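Beneath this line is the structure, given in structure tokens, with notes to follow.
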Amino acid sequence: MSFVRAKICAGIILAALCAGIHAAGAAACNLQQFISYDMEIDRTGEVIVPVRKDLRFMIDTGSPISVLTAQTANRMGLQRSPFPRGVLTYYGNRNVVETAKVSWSGHGVPIEMAVFPGDLNGLDGALGMDVMSNFDIEFDFFKGKVNFFGPNTCDRGDAVYWTRDFVRLPIHADRSQHIVFPAEIDGKKIQVMLDTGATETVWSLETARALLGDSEANKIQPSAYVNAKDDYNYPFQTLSFDGVTISHPDIQLVPNAKSGLKSATADQMIIGRSILRQLHLYIAWKDQSLYLSSATAH
């Protein structure tokens with residue numbers, strides 16, 4: 001769900017949500033954990049969490065908005081309101097025209113979500129950046145946890161409680177609230193976007209060709225994946241995040257005409273779960289940082 005065309009305000013009352021915060025285990029600073037979810041990875045690779053006992057949501061950092069399926073809204077008998085910005089085109093080019101309020105994690109605080117008329121692989125909805133940007137978020141793929149923290153007051157790096165073998169990367173949010181940060185592909189500097197809603201790691205074919213040059217671009221070959229018609233691959237050696245390195249990264253090269261990416265974002269590599277599952281990440285909004293280590297670092 002990387003190619004979302006709009007964003008809306010979540011309507012979260014953050015102070016009310018954070019009233020339930022409790023202390024987590026970090027001796028170096030007052031790291032405050034709001035809630036910890038068991039992460040489920042389904043057969044398609046989606047990162048799924050139980051936001052309530054009766055609601056299973058995908059975690060999608062590539063989406064600026066949070067959505068609830070129309071089927072789930074009907075099952076819960078939720079009252080709907082007109083979408084505040086008219087019509088939103090969302091996943092699969094389906095039009096969103098309504099919103100509904102739903103409580104989250106048993107706190108009873110209503111969150112306004114877009115009502116999606118289609119199917120989300122049997123899930124009840126998806127948490128997007130309108131909700132998640134109000135929290136520091138940790139993705140621990142090794143232990144299978146997604147942890148939400150209040151914005152920490154720690155000195156830089158002190159929030160990383162699981163290891164001292166980590167790196168700090170500066171992040172910024174683009175117009176659609178995507179998390180963007182620097183990386184290197186085979187020693188060449190690029191910008192990447194973190195997308196837990198994307199199964200594969202994807203890059204513009206045209207951008208890759210330009211960066212590689214004519215001699216290396218000749219090594220680009222059609223993808224061997226059955227469901228990747230018109231996609232391509234190149235034998236990249238390393239994808240590095242300031243020293244945390246993924247060897248032989250599996251990256252799908254997709255023509256811009258197929259991906260629908262616009263010029264402002266086409267140069268960014270979309271880091272999906274094929275790479276993210278090899279990492280441990282902590283997103284800290286207050287100091288605009290991504291703290292990152294290998295998934296198994298302790």
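The chains in the structure tokens are called A, B, ... from first to last as shown; in each chain the residues are counted from 1, and the ligands are counted from 1 in the order shown.
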Give me the residues near A:Lys258 as a PDB file with N, CA and C atoms, in the first residue's frame, where near means some atom within 10 Å (using only C-alpha atoms) and where sequence neighbours in that chain fewer than 5 positions away do not count.
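Output file around-v6.pdb is given in full below:
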ATOM      1  N   SER A 204      13.007   2.177  -8.496  1.00  0.00           N
ATOM      2  CA  SER A 204      12.737   2.573  -9.873  1.00  0.00           C
ATOM      3  C   SER A 204      13.780   1.972 -10.825  1.00  0.00           C
ATOM      4  N   ASP A 230       7.214  -7.846 -15.910  1.00  0.00           N
ATOM      5  CA  ASP A 230       7.783  -6.542 -16.283  1.00  0.00           C
ATOM      6  C   ASP A 230       8.684  -5.948 -15.209  1.00  0.00           C
ATOM      7  N   ASP A 231       8.987  -6.707 -14.144  1.00  0.00           N
ATOM      8  CA  ASP A 231       9.962  -6.271 -13.148  1.00  0.00           C
ATOM      9  C   ASP A 231      11.331  -6.832 -13.499  1.00  0.00           C
TER      10      ASP A 231
END
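For stretch 142-145 of chain A, the list of residues within 8 Å, based on only C-alpha atoms and with local chain neighbours fewer than 6 positions off taken out, reads Ser36, Tyr37, Asp38, Met39, Glu40, Arg277, His280, Ala295 and Thr296 of chain A.
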**OP:** Just list the residues in stretch 23-249 of chain A DSSP gives strand (DSSP E) on the backbone, as JSON, numbers by chain.
**Re:** {"A": [23, 32, 33, 34, 35, 36, 37, 38, 40, 41, 47, 48, 49, 50, 51, 52, 55, 56, 57, 58, 59, 67, 68, 69, 80, 81, 82, 88, 89, 90, 94, 95, 96, 98, 99, 100, 101, 102, 103, 110, 111, 112, 113, 114, 115, 116, 125, 126, 127, 136, 137, 138, 139, 140, 145, 146, 147, 148, 149, 167, 168, 169, 170, 172, 173, 179, 180, 181, 182, 183, 184, 185, 188, 189, 190, 191, 192, 193, 194, 201, 202, 203, 204, 221, 222, 232, 233, 238, 239, 240, 241, 244, 245, 246, 247]}
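With only C-alpha atoms as the atoms that count, the minimum distance from A:Tyr282 to the choices A:Ile179, A:Ile137, A:Ile41, A:Val115 is reached by A:Ile137.
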Original post:
Residues at most 9 Å from stretch 239-255 of chain A, counting only C-alpha atoms, excluding those fewer than 6 positions away in the same chain, as a ChimeraX atom specification?
Top reply: /A:166-169,182-187,200-206,208,220,223,228,230-233,269,271,274-275,278-279,292-294
Original post:
Hey, what does DSSP flag as helix (DSSP H, G or I) within stretch 60-294 of chain A? Can you give it to me as an MDAnalysis selection string?
Top reply: chainID A and resid 70:76 91:93 129:132 205:217 256:259 263:266 273:276
Subject >> Å distance separating atom CA of A:Ala70 from atom CA of A:Pro117, one decimal place >> reply: 5.1 Å
Subject >> Distance query stretch 131-133 of chain A at most 12 Å, only C-alpha atoms, self and fewer than 4 positions along chain excluded, as number ranges by chain >> reply: A: 7-14, 17, 34, 59-67, 104, 110-113, 126-127, 137-138, 146-151, 172-173, 176-179, 283-286, 288
Original post:
Any idea what's packed within 9 Å of A:Leu120, counting only C-alpha atoms, ignoring anything in its chain fewer than 4 positions away? Could you give it as a PyMOL selection string?
Top reply: chain A and resi 58+69+91+116+124-126
Could those selected residues go to a file with all heavy atoms, as a PDB file, in the first residue's frame?
ATOM      1  N   MET A  58      -3.178  -4.449   9.883  1.00  0.00           N
ATOM      2  CA  MET A  58      -1.848  -4.402   9.314  1.00  0.00           C
ATOM      3  C   MET A  58      -1.163  -3.128   9.779  1.00  0.00           C
ATOM      4  O   MET A  58      -1.808  -2.088   9.938  1.00  0.00           O
ATOM      5  CB  MET A  58      -1.926  -4.425   7.783  1.00  0.00           C
ATOM      6  CG  MET A  58      -0.583  -4.280   7.100  1.00  0.00           C
ATOM      7  SD  MET A  58      -0.682  -4.475   5.305  1.00  0.00           S
ATOM      8  CE  MET A  58      -1.676  -3.050   4.888  1.00  0.00           C
ATOM      9  N   THR A  69     -12.059  -1.486   7.361  1.00  0.00           N
ATOM     10  CA  THR A  69     -12.845  -1.975   6.240  1.00  0.00           C
ATOM     11  C   THR A  69     -14.331  -1.739   6.490  1.00  0.00           C
ATOM     12  O   THR A  69     -14.800  -1.735   7.634  1.00  0.00           O
ATOM     13  CB  THR A  69     -12.621  -3.473   5.979  1.00  0.00           C
ATOM     14  OG1 THR A  69     -13.123  -4.227   7.082  1.00  0.00           O
ATOM     15  CG2 THR A  69     -11.142  -3.774   5.761  1.00  0.00           C
ATOM     16  N   TYR A  91      -5.945   2.087  -1.725  1.00  0.00           N
ATOM     17  CA  TYR A  91      -5.402   0.821  -2.209  1.00  0.00           C
ATOM     18  C   TYR A  91      -6.305   0.177  -3.259  1.00  0.00           C
ATOM     19  O   TYR A  91      -7.500   0.007  -3.055  1.00  0.00           O
ATOM     20  CB  TYR A  91      -5.237  -0.114  -1.013  1.00  0.00           C
ATOM     21  CG  TYR A  91      -4.662  -1.459  -1.314  1.00  0.00           C
ATOM     22  CD1 TYR A  91      -3.387  -1.587  -1.853  1.00  0.00           C
ATOM     23  CD2 TYR A  91      -5.384  -2.609  -1.033  1.00  0.00           C
ATOM     24  CE1 TYR A  91      -2.851  -2.834  -2.106  1.00  0.00           C
ATOM     25  CE2 TYR A  91      -4.857  -3.862  -1.280  1.00  0.00           C
ATOM     26  CZ  TYR A  91      -3.587  -3.971  -1.827  1.00  0.00           C
ATOM     27  OH  TYR A  91      -3.064  -5.205  -2.076  1.00  0.00           O
ATOM     28  N   PHE A 116     -12.752   1.827   4.308  1.00  0.00           N
ATOM     29  CA  PHE A 116     -12.307   1.307   3.016  1.00  0.00           C
ATOM     30  C   PHE A 116     -13.332   0.303   2.486  1.00  0.00           C
ATOM     31  O   PHE A 116     -13.650  -0.670   3.159  1.00  0.00           O
ATOM     32  CB  PHE A 116     -10.937   0.643   3.180  1.00  0.00           C
ATOM     33  CG  PHE A 116     -10.392   0.050   1.921  1.00  0.00           C
ATOM     34  CD1 PHE A 116     -10.135   0.849   0.821  1.00  0.00           C
ATOM     35  CD2 PHE A 116     -10.132  -1.311   1.838  1.00  0.00           C
ATOM     36  CE1 PHE A 116      -9.621   0.307  -0.349  1.00  0.00           C
ATOM     37  CE2 PHE A 116      -9.614  -1.857   0.684  1.00  0.00           C
ATOM     38  CZ  PHE A 116      -9.355  -1.045  -0.419  1.00  0.00           C
ATOM     39  N   ASP A 124      -9.052  -6.471   9.355  1.00  0.00           N
ATOM     40  CA  ASP A 124     -10.074  -5.491   9.719  1.00  0.00           C
ATOM     41  C   ASP A 124      -9.683  -4.069   9.337  1.00  0.00           C
ATOM     42  O   ASP A 124     -10.547  -3.199   9.232  1.00  0.00           O
ATOM     43  CB  ASP A 124     -10.345  -5.554  11.222  1.00  0.00           C
ATOM     44  CG  ASP A 124     -10.948  -6.890  11.636  1.00  0.00           C
ATOM     45  OD1 ASP A 124     -12.051  -7.211  11.169  1.00  0.00           O
ATOM     46  OD2 ASP A 124     -10.293  -7.612  12.408  1.00  0.00           O
ATOM     47  N   GLY A 125      -8.387  -3.818   9.151  1.00  0.00           N
ATOM     48  CA  GLY A 125      -7.968  -2.462   8.803  1.00  0.00           C
ATOM     49  C   GLY A 125      -6.458  -2.361   8.759  1.00  0.00           C
ATOM     50  O   GLY A 125      -5.741  -3.371   8.763  1.00  0.00           O
ATOM     51  N   ALA A 126      -5.980  -1.122   8.724  1.00  0.00           N
ATOM     52  CA  ALA A 126      -4.544  -0.862   8.676  1.00  0.00           C
ATOM     53  C   ALA A 126      -4.238   0.393   9.470  1.00  0.00           C
ATOM     54  O   ALA A 126      -4.960   1.396   9.375  1.00  0.00           O
ATOM     55  CB  ALA A 126      -4.073  -0.694   7.228  1.00  0.00           C
TER      56      ALA A 126
END
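Between A:Tyr161 and the candidates A:Asp174, A:Asp195, A:Asp140, A:Leu78, the tightest atom-to-atom separation, counting only C-alpha atoms, involves A:Asp140.
One finds atom CA of A:Asp42 at 27.9 Å from atom CA of A:Pro235.
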**OP:** Please measure the separation of atom CA of A:Gln221 and atom CA of A:Phe181, giving the value in Å to one decimal.
**Re:**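 One can read the atom CA of A:Gln221 to atom CA of A:Phe181 distance as 27.7 Å.
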